[in-house]
>>> print(open('data_8.cif').read())   # mmCIF, C-alpha atoms
data_upload
loop_
_atom_site.label_atom_id
_atom_site.label_comp_id
_atom_site.auth_asym_id
_atom_site.auth_seq_id
_atom_site.Cartn_x
_atom_site.Cartn_y
_atom_site.Cartn_z
CA MET A 1 0.00 0.00 0.00
CA ALA A 2 1.07 3.59 -0.57
CA ILE A 3 2.44 5.37 2.48
CA SER A 4 1.65 9.08 2.64
CA ILE A 5 4.19 11.70 3.61
CA ASP A 6 1.84 12.76 6.42
CA ASP A 7 1.95 9.23 7.90
CA ILE A 8 5.75 9.23 7.67
CA LYS A 9 5.96 12.60 9.42
CA LYS A 10 3.52 11.44 12.10
CA LEU A 11 5.48 8.29 12.95
CA ARG A 12 8.77 10.16 12.83
CA ALA A 13 7.40 12.67 15.36
CA MET A 14 6.27 9.79 17.57
CA THR A 15 9.53 7.86 17.44
CA GLY A 16 12.30 10.22 16.38
CA ALA A 17 13.40 7.67 13.78
CA GLY A 18 14.86 8.70 10.44
CA LEU A 19 12.59 9.23 7.43
CA ALA A 20 13.92 6.22 5.55
CA ASP A 21 13.54 3.93 8.59
CA VAL A 22 10.02 5.20 9.25
CA LYS A 23 8.94 4.71 5.63
CA LYS A 24 10.40 1.19 5.57
CA ALA A 25 8.68 0.24 8.84
CA LEU A 26 5.32 1.62 7.71
CA THR A 27 5.59 -0.17 4.39
CA GLU A 28 6.40 -3.49 6.07
CA ALA A 29 3.56 -2.91 8.55
CA GLU A 30 1.15 -1.98 5.74
CA GLY A 31 0.38 1.34 7.38
CA ASP A 32 -0.23 -0.07 10.88
CA PHE A 33 1.38 2.47 13.24
CA ASP A 34 1.61 0.15 16.25
CA LYS A 35 3.23 -2.58 14.17
CA ALA A 36 5.61 -0.08 12.58
CA LYS A 37 6.66 1.17 16.01
CA GLU A 38 7.31 -2.42 17.09
CA LEU A 39 9.45 -3.01 13.99
CA LEU A 40 11.52 0.05 14.81
CA ARG A 41 11.89 -1.11 18.41
CA GLU A 42 13.02 -4.58 17.30
CA ARG A 43 15.60 -3.06 14.98
CA GLY A 44 16.98 -1.06 17.90
CA LEU A 45 17.13 -4.15 20.11
CA ALA A 46 18.98 -6.10 17.43
CA ILE A 47 21.59 -3.40 16.98
CA ALA A 48 21.97 -2.94 20.73
CA ALA A 49 22.55 -6.68 21.19
CA LYS A 50 25.04 -6.81 18.32
CA ARG A 51 27.10 -3.95 19.76
CA SER A 52 26.73 -4.78 23.45
CA ASP A 53 30.50 -5.19 23.89
CA ARG A 54 31.33 -1.79 22.38
CA GLU A 55 32.67 1.02 24.57
CA THR A 56 30.51 4.12 25.07
CA SER A 57 33.18 6.73 25.72
CA ASN A 58 31.25 9.68 24.26
CA GLY A 59 27.82 11.09 24.97
CA CYS A 60 25.83 13.99 26.32
CA VAL A 61 25.66 15.17 29.95
CA LEU A 62 22.95 17.65 30.87
CA VAL A 63 21.87 19.21 34.17
CA LYS A 64 18.73 21.03 35.28
CA ALA A 65 17.11 22.36 38.46
CA VAL A 66 13.42 23.13 39.00
CA ASP A 67 11.71 24.13 42.26
CA GLY A 68 14.31 22.70 44.62
CA PHE A 69 15.02 19.50 42.69
CA ALA A 70 18.13 19.20 40.53
CA ALA A 71 19.39 16.33 38.44
CA MET A 72 22.08 15.55 35.91
CA LEU A 73 21.95 12.77 33.36
CA ALA A 74 24.38 11.22 30.93
CA LEU A 75 23.31 9.44 27.77
CA LYS A 76 26.39 7.71 26.39
CA CYS A 77 27.25 6.58 22.87
CA GLU A 78 30.27 5.45 20.86
CA THR A 79 31.29 8.52 18.84
CA ASP A 80 31.35 12.28 19.25
CA PHE A 81 29.61 12.60 15.87
CA VAL A 82 26.45 11.01 17.32
CA ALA A 83 26.91 12.72 20.70
CA ASN A 84 26.88 16.16 19.07
CA GLY A 85 23.79 15.45 16.98
CA ALA A 86 20.72 17.57 17.66
CA ASP A 87 18.42 14.54 17.93
CA PHE A 88 20.71 12.82 20.45
CA ILE A 89 20.93 15.93 22.61
CA ALA A 90 17.17 16.44 22.35
CA LEU A 91 16.57 12.86 23.52
CA THR A 92 18.86 13.40 26.50
CA GLN A 93 17.03 16.61 27.35
CA SER A 94 13.59 15.01 27.06
CA ILE A 95 14.61 12.20 29.42
CA LEU A 96 16.12 14.68 31.89
CA ASP A 97 12.97 16.83 31.74
CA ALA A 98 10.85 13.77 32.53
CA ALA A 99 13.19 12.80 35.37
CA ILE A 100 12.93 16.28 36.88
CA ALA A 101 9.14 16.31 36.55
CA ALA A 102 8.86 12.90 38.24
CA LYS A 103 11.67 13.60 40.74
CA ALA A 104 13.12 10.23 39.75
CA ALA A 105 15.23 8.77 42.55
CA ASP A 106 17.69 6.66 40.56
CA ILE A 107 18.72 5.48 37.10
CA GLU A 108 16.31 2.54 37.12
CA ALA A 109 13.41 4.91 37.76
CA VAL A 110 14.65 7.09 34.91
CA LYS A 111 14.74 4.15 32.49
CA ALA A 112 11.07 3.42 33.24
CA LEU A 113 9.84 6.99 32.61
CA ASP A 114 7.34 7.59 29.83
CA ILE A 115 8.81 9.36 26.80
CA ASN A 116 6.18 9.89 24.10
CA GLY A 117 4.39 6.62 24.78
CA GLN A 118 7.43 4.45 25.43
CA THR A 119 9.88 4.04 28.28
CA ALA A 120 13.07 6.05 28.32
CA GLN A 121 15.04 2.83 27.90
CA GLU A 122 12.98 1.92 24.83
CA ALA A 123 13.54 5.41 23.41
CA VAL A 124 17.29 4.99 23.85
CA THR A 125 17.22 1.53 22.26
CA GLN A 126 15.25 2.90 19.33
CA ARG A 127 17.74 5.73 18.86
CA SER A 128 20.50 3.11 18.91
CA GLY A 129 18.75 1.38 16.04
CA ILE A 130 18.64 4.62 14.09
CA THR A 131 22.30 5.56 14.56
CA GLY A 132 23.73 2.05 14.58
CA GLU A 133 25.68 2.78 17.77
CA LYS A 134 25.48 1.32 21.25
CA MET A 135 23.84 3.73 23.71
CA GLU A 136 23.22 3.60 27.44
CA LEU A 137 21.78 5.78 30.16
CA ASP A 138 24.36 6.42 32.85
CA GLY A 139 25.45 8.81 35.58
CA TYR A 140 22.12 9.98 37.01
CA LEU A 141 22.68 12.18 40.09
CA THR A 142 20.31 14.37 42.09
CA LEU A 143 20.18 17.06 44.75
CA GLU A 144 17.12 18.37 46.55
CA GLY A 145 16.52 21.48 48.65
CA GLU A 146 17.25 25.21 48.51
CA ASN A 147 20.20 27.11 47.05
CA ILE A 148 21.20 24.66 44.31
CA GLU A 149 23.16 25.99 41.36
CA VAL A 150 23.73 23.89 38.24
CA TYR A 151 26.42 24.35 35.60
CA ASN A 152 27.14 22.87 32.17
CA HIS A 153 30.85 23.60 31.69
CA MET A 154 31.34 25.76 28.59
CA GLY A 155 28.03 24.42 27.27
CA LYS A 156 29.81 21.41 25.78
CA ASN A 157 27.60 18.76 27.43
CA THR A 158 30.59 16.78 28.72
CA LEU A 159 30.98 18.08 32.30
CA CYS A 160 28.21 19.22 34.61
CA THR A 161 28.06 20.13 38.28
CA MET A 162 25.46 20.77 40.97
CA VAL A 163 26.46 22.79 44.03
CA GLN A 164 24.28 23.37 47.06
CA THR A 165 25.15 26.09 49.56
CA ASN A 166 23.86 27.22 52.92
CA LYS A 167 22.64 30.51 51.42
CA PRO A 168 21.89 31.91 47.93
CA ALA A 169 25.06 32.04 45.83
CA ALA A 170 24.25 32.08 42.12
CA GLU A 171 27.73 33.04 40.91
CA GLN A 172 29.77 31.15 43.48
CA GLY A 173 27.78 27.98 42.83
CA HIS A 174 29.34 27.48 39.41
CA LEU A 175 32.33 25.47 40.60
CA VAL A 176 34.30 23.18 38.30
CA PRO A 177 36.86 21.37 40.46
CA ASN A 178 37.51 17.64 40.25
CA LEU A 179 36.29 16.50 43.66
CA VAL A 180 39.10 17.03 48.24
CA ASP A 181 40.28 17.04 51.95
CA SER A 182 42.75 15.13 54.20
CA GLU A 183 42.92 11.43 55.00
CA ASP A 184 41.12 12.04 58.30
CA HIS A 185 38.09 13.28 56.35
CA ILE A 186 37.75 10.50 53.77
CA GLU A 187 34.58 9.10 55.29
CA SER A 188 33.10 12.56 55.80
CA ASN A 189 33.72 13.56 52.19
CA MET A 190 32.27 10.29 50.94
CA ALA A 191 29.10 10.92 52.94
CA LYS A 192 28.79 14.38 51.40
CA GLY A 193 29.30 13.05 47.88
CA TRP A 194 32.61 14.88 47.44
CA LEU A 195 34.68 11.72 47.26
CA THR A 196 33.66 8.46 45.59
CA GLN A 197 34.22 4.99 47.01
CA ALA A 198 36.77 4.34 44.27
CA GLN A 199 38.72 7.48 45.19
CA ALA A 200 38.66 6.61 48.88
CA ASP A 201 39.89 3.11 48.07
CA GLU A 202 42.68 4.56 45.95
CA ALA A 203 43.78 6.82 48.82
CA ARG A 204 43.87 3.85 51.20
CA LYS A 205 45.79 1.83 48.60
CA ILE A 206 48.42 4.56 48.40
CA ILE A 207 48.84 4.43 52.19
CA ALA A 208 49.20 0.65 52.16
CA GLU A 209 51.72 0.65 49.30
CA ALA A 210 53.86 3.28 50.96
CA LYS A 211 53.90 1.25 54.15
CA VAL A 212 54.93 -1.95 52.35
CA GLU A 213 57.68 -0.15 50.43
CA GLY A 214 59.15 1.34 53.55
CA GLU A 215 58.76 -1.35 56.18
CA ALA A 216 61.92 -3.20 55.18
CA GLN A 217 64.29 -0.31 55.52
CA LEU A 218 62.65 2.87 56.79
CA LYS A 219 61.68 3.98 60.25
CA MET A 220 57.96 4.38 60.93
CA PRO A 221 57.96 8.23 60.98
CA MET A 222 59.49 8.22 57.49
CA ILE A 223 56.93 5.67 56.26
CA GLU A 224 54.10 7.79 57.66
CA ASN A 225 55.46 10.95 56.01
CA ILE A 226 55.74 9.21 52.63
CA ALA A 227 52.19 7.92 52.87
CA LYS A 228 50.89 11.28 54.05
CA GLY A 229 52.54 13.10 51.15
CA ARG A 230 51.13 10.73 48.58
CA VAL A 231 47.64 10.85 50.05
CA GLN A 232 47.64 14.64 50.25
CA LYS A 233 48.69 14.86 46.60
CA PHE A 234 45.97 12.41 45.56
CA LEU A 235 43.25 14.09 47.58
CA LYS A 236 44.21 17.59 46.45
CA GLU A 237 43.55 16.43 42.91
CA ASN A 238 40.29 14.66 43.81
CA CYS A 239 38.47 16.54 46.60
CA LEU A 240 36.33 19.68 46.37
CA VAL A 241 37.04 22.22 49.10
CA ASP A 242 40.86 21.84 49.14
CA GLN A 243 41.35 21.83 45.39
CA GLU A 244 42.86 24.88 43.76
CA PHE A 245 40.04 26.91 42.23
CA GLN A 246 40.78 27.34 38.53
CA PHE A 247 38.99 30.72 38.30
CA GLY A 248 40.64 32.14 41.42
CA ASP A 249 42.40 35.05 39.68
CA GLY A 250 45.77 33.30 39.72
CA ASP A 251 46.14 33.52 43.50
CA LYS A 252 46.36 29.72 43.97
CA ALA A 253 43.45 29.81 46.41
CA THR A 254 41.59 26.63 47.25
CA VAL A 255 37.85 26.42 46.73
CA ALA A 256 37.32 26.92 50.47
CA GLN A 257 39.60 29.98 50.53
CA TRP A 258 37.97 31.49 47.46
CA LEU A 259 34.48 31.04 48.92
CA ALA A 260 35.57 32.66 52.17
CA LYS A 261 36.72 35.72 50.22
CA GLN A 262 33.30 36.02 48.59
CA ASP A 263 31.36 35.57 51.83
CA LYS A 264 32.87 34.38 55.11
CA ASP A 265 29.61 32.65 56.04
CA LEU A 266 29.14 30.88 52.70
CA LYS A 267 29.53 27.08 52.89
CA ILE A 268 29.10 24.24 50.43
CA THR A 269 26.64 21.70 51.80
CA ALA A 270 26.48 19.30 48.84
CA PHE A 271 28.25 18.76 45.53
CA ARG A 272 27.67 16.50 42.54
CA ARG A 273 29.74 16.19 39.39
CA PHE A 274 29.70 14.04 36.26
CA THR A 275 32.09 14.12 33.35
CA LEU A 276 32.70 12.14 30.18
CA VAL A 277 36.25 13.47 30.00
CA ALA A 278 38.99 11.47 31.69
CA ASP A 279 40.64 13.47 34.49
#
>>> encode(input="data_8.cif", output="structure tokens")
Amino acid sequence: MAISIDDIKKLRAMTGAGLADVKKALTEAEGDFDKAKELLRERGLAIAAKRSDRETSNGCVLVKAVDGFAAMLALKCETDFVANGADFIALTQSILDAAIAAKAADIEAVKALDINGQTAQEAVTQRSGITGEKMELDGYLTLEGENIEVYNHMGKNTLCTMVQTNKPAAEQGHLVPNLVDSEDHIESNMAKGWLTQAQADEARKIIAEAKVEGEAQLKMPMIENIAKGRVQKFLKENCLVDQEFQFGDGDKATVAQWLAKQDKDLKITAFRRFTLVAD
């Protein structure tokens, strides 16, 4: 049967699939929209299964805050060509918008959200079928409460942050450090979300390795100093408040010192960060 251009446009608007894919699916389904949508979904599943072992090192990270609820979401893919595509970014934004509206608690809840009559996971799978690349939802983080500032670094959709403070701080909330403190505060920083389990484990590994290296020939004070130096270096590169603030006017101030200059009573109460770029 003949497939009208209006039918093609309608199904494309419903699914986001390419014109050629939509026309083919409608033709095979003899104009049945539900069957055509299922054909497009099956194509996406087949491609996703075929490329399941591929690495998704590119993608799009977006962040948004509405009425005291903030979230950031990463939709990952294989190449920067797909990641920079308008349709891919629009899909990421639509899923993030739905997550914000539903105040989704975790990535599994996000995957189950309704996106134009299908789940977010189905929408991602379908997009995978269109582009021919593996895609996956990843890196969903949230903050809730007052005084949350969100930031998409340079608008490149590869690094986003959410900073919550004890008082309004629109400008100061746009921090872009890596993630910091001393060994004594590892657990505290983990609880605040400023240090990941992997980073804490790495810090402890450094301490253990330094101890093993020195036990055979060094006195304990020397071993402790070696370990302390290595841990401080690691944490300074990976913890928020003690990291050098890159926009600190060249004065080598830490984040904590820079904030104190802006307002002595201003404190960071929560911090979230996600990046697709290796540190």
>>> closest_residue(input="data_8.cif", among="A:Val163, A:Ala25, A:Val124, A:Ala105", to="Glu38 of chain A", atoms="all atoms listed in the file")
A:Ala25
>>> residues_around(input="data_8.cif", residues="Glu122 of chain A", least_positions_apart="3", cutoff="12 Å", atoms="all atoms listed in the file", output="mmCIF file with C-alpha atoms, keeping the file's coordinate frame")
data_model
loop_
_atom_site.group_PDB
_atom_site.id
_atom_site.type_symbol
_atom_site.label_atom_id
_atom_site.label_comp_id
_atom_site.auth_asym_id
_atom_site.auth_seq_id
_atom_site.Cartn_x
_atom_site.Cartn_y
_atom_site.Cartn_z
ATOM 1 C CA THR A 15 9.530 7.860 17.440
ATOM 2 C CA GLY A 16 12.300 10.220 16.380
ATOM 3 C CA LYS A 37 6.660 1.170 16.010
ATOM 4 C CA GLU A 38 7.310 -2.420 17.090
ATOM 5 C CA LEU A 40 11.520 0.050 14.810
ATOM 6 C CA ARG A 41 11.890 -1.110 18.410
ATOM 7 C CA GLU A 42 13.020 -4.580 17.300
ATOM 8 C CA ARG A 43 15.600 -3.060 14.980
ATOM 9 C CA GLY A 44 16.980 -1.060 17.900
ATOM 10 C CA LEU A 45 17.130 -4.150 20.110
ATOM 11 C CA ALA A 48 21.970 -2.940 20.730
ATOM 12 C CA LEU A 91 16.570 12.860 23.520
ATOM 13 C CA ILE A 95 14.610 12.200 29.420
ATOM 14 C CA VAL A 110 14.650 7.090 34.910
ATOM 15 C CA LYS A 111 14.740 4.150 32.490
ATOM 16 C CA ALA A 112 11.070 3.420 33.240
ATOM 17 C CA LEU A 113 9.840 6.990 32.610
ATOM 18 C CA ASP A 114 7.340 7.590 29.830
ATOM 19 C CA ILE A 115 8.810 9.360 26.800
ATOM 20 C CA ASN A 116 6.180 9.890 24.100
ATOM 21 C CA GLY A 117 4.390 6.620 24.780
ATOM 22 C CA GLN A 118 7.430 4.450 25.430
ATOM 23 C CA THR A 119 9.880 4.040 28.280
ATOM 24 C CA THR A 125 17.220 1.530 22.260
ATOM 25 C CA GLN A 126 15.250 2.900 19.330
ATOM 26 C CA ARG A 127 17.740 5.730 18.860
ATOM 27 C CA SER A 128 20.500 3.110 18.910
ATOM 28 C CA GLY A 129 18.750 1.380 16.040
ATOM 29 C CA MET A 135 23.840 3.730 23.710
ATOM 30 C CA GLU A 136 23.220 3.600 27.440
ATOM 31 C CA LEU A 137 21.780 5.780 30.160
#
>>> atom_distance(input="data_8.cif", atom1="atom CA of Asp67 of chain A", atom2="atom CA of Ala83 of chain A")
28.7 Å
>>> resolve_selection(input="data_8.cif", expression="the PyMOL selection byres ((chain A and resi 65) around 8)", output="PyMOL selection string")
chain A and resi 63-64+66-71+100+148-150
>>> atom_distance(input="data_8.cif", atom1="atom CA of Ala2 of chain A", atom2="atom CA of Thr27 of chain A")
7.7 Å
>>> residues_around(input="data_8.cif", residues="segment 138-146 of chain A", least_positions_apart="4", cutoff="9 Å", atoms="all atoms listed in the file", output="PyMOL selection string")
chain A and resi 61+65+67-76+103-107+110+162-168+270-275
>>> closest_residue(input="data_8.cif", among="A:Lys50, A:Asp87, A:Leu96, A:Ile130", to="Ala20 of chain A", atoms="only C-alpha atoms")
A:Ile130
>>> atom_distance(input="data_8.cif", atom1="atom CA of Asn58 of chain A", atom2="atom CA of Leu276 of chain A")
6.6 Å
>>> axis_aligned_box(input="data_8.cif", around="segment 129-133 of chain A", padding_each_side="5 Å", output="JSON")
{"center_x": 22.2, "center_y": 3.5, "center_z": 15.9, "size_x": 17.0, "size_y": 14.2, "size_z": 13.7}
>>> resolve_selection(input="data_8.cif", expression="the PyMOL selection byres ((chain A and resi 9) around 12)", output="PDB file with C-alpha atoms, keeping the file's coordinate frame")
ATOM      1  CA  ILE A   3       2.440   5.370   2.480  1.00  0.00           C
ATOM      2  CA  SER A   4       1.650   9.080   2.640  1.00  0.00           C
ATOM      3  CA  ILE A   5       4.190  11.700   3.610  1.00  0.00           C
ATOM      4  CA  ASP A   6       1.840  12.760   6.420  1.00  0.00           C
ATOM      5  CA  ASP A   7       1.950   9.230   7.900  1.00  0.00           C
ATOM      6  CA  ILE A   8       5.750   9.230   7.670  1.00  0.00           C
ATOM      7  CA  LYS A  10       3.520  11.440  12.100  1.00  0.00           C
ATOM      8  CA  LEU A  11       5.480   8.290  12.950  1.00  0.00           C
ATOM      9  CA  ARG A  12       8.770  10.160  12.830  1.00  0.00           C
ATOM     10  CA  ALA A  13       7.400  12.670  15.360  1.00  0.00           C
ATOM     11  CA  MET A  14       6.270   9.790  17.570  1.00  0.00           C
ATOM     12  CA  THR A  15       9.530   7.860  17.440  1.00  0.00           C
ATOM     13  CA  GLY A  16      12.300  10.220  16.380  1.00  0.00           C
ATOM     14  CA  ALA A  17      13.400   7.670  13.780  1.00  0.00           C
ATOM     15  CA  GLY A  18      14.860   8.700  10.440  1.00  0.00           C
ATOM     16  CA  LEU A  19      12.590   9.230   7.430  1.00  0.00           C
ATOM     17  CA  ALA A  20      13.920   6.220   5.550  1.00  0.00           C
ATOM     18  CA  ASP A  21      13.540   3.930   8.590  1.00  0.00           C
ATOM     19  CA  VAL A  22      10.020   5.200   9.250  1.00  0.00           C
ATOM     20  CA  LYS A  23       8.940   4.710   5.630  1.00  0.00           C
ATOM     21  CA  LEU A  26       5.320   1.620   7.710  1.00  0.00           C
ATOM     22  CA  PHE A  33       1.380   2.470  13.240  1.00  0.00           C
TER      23      PHE A  33
END
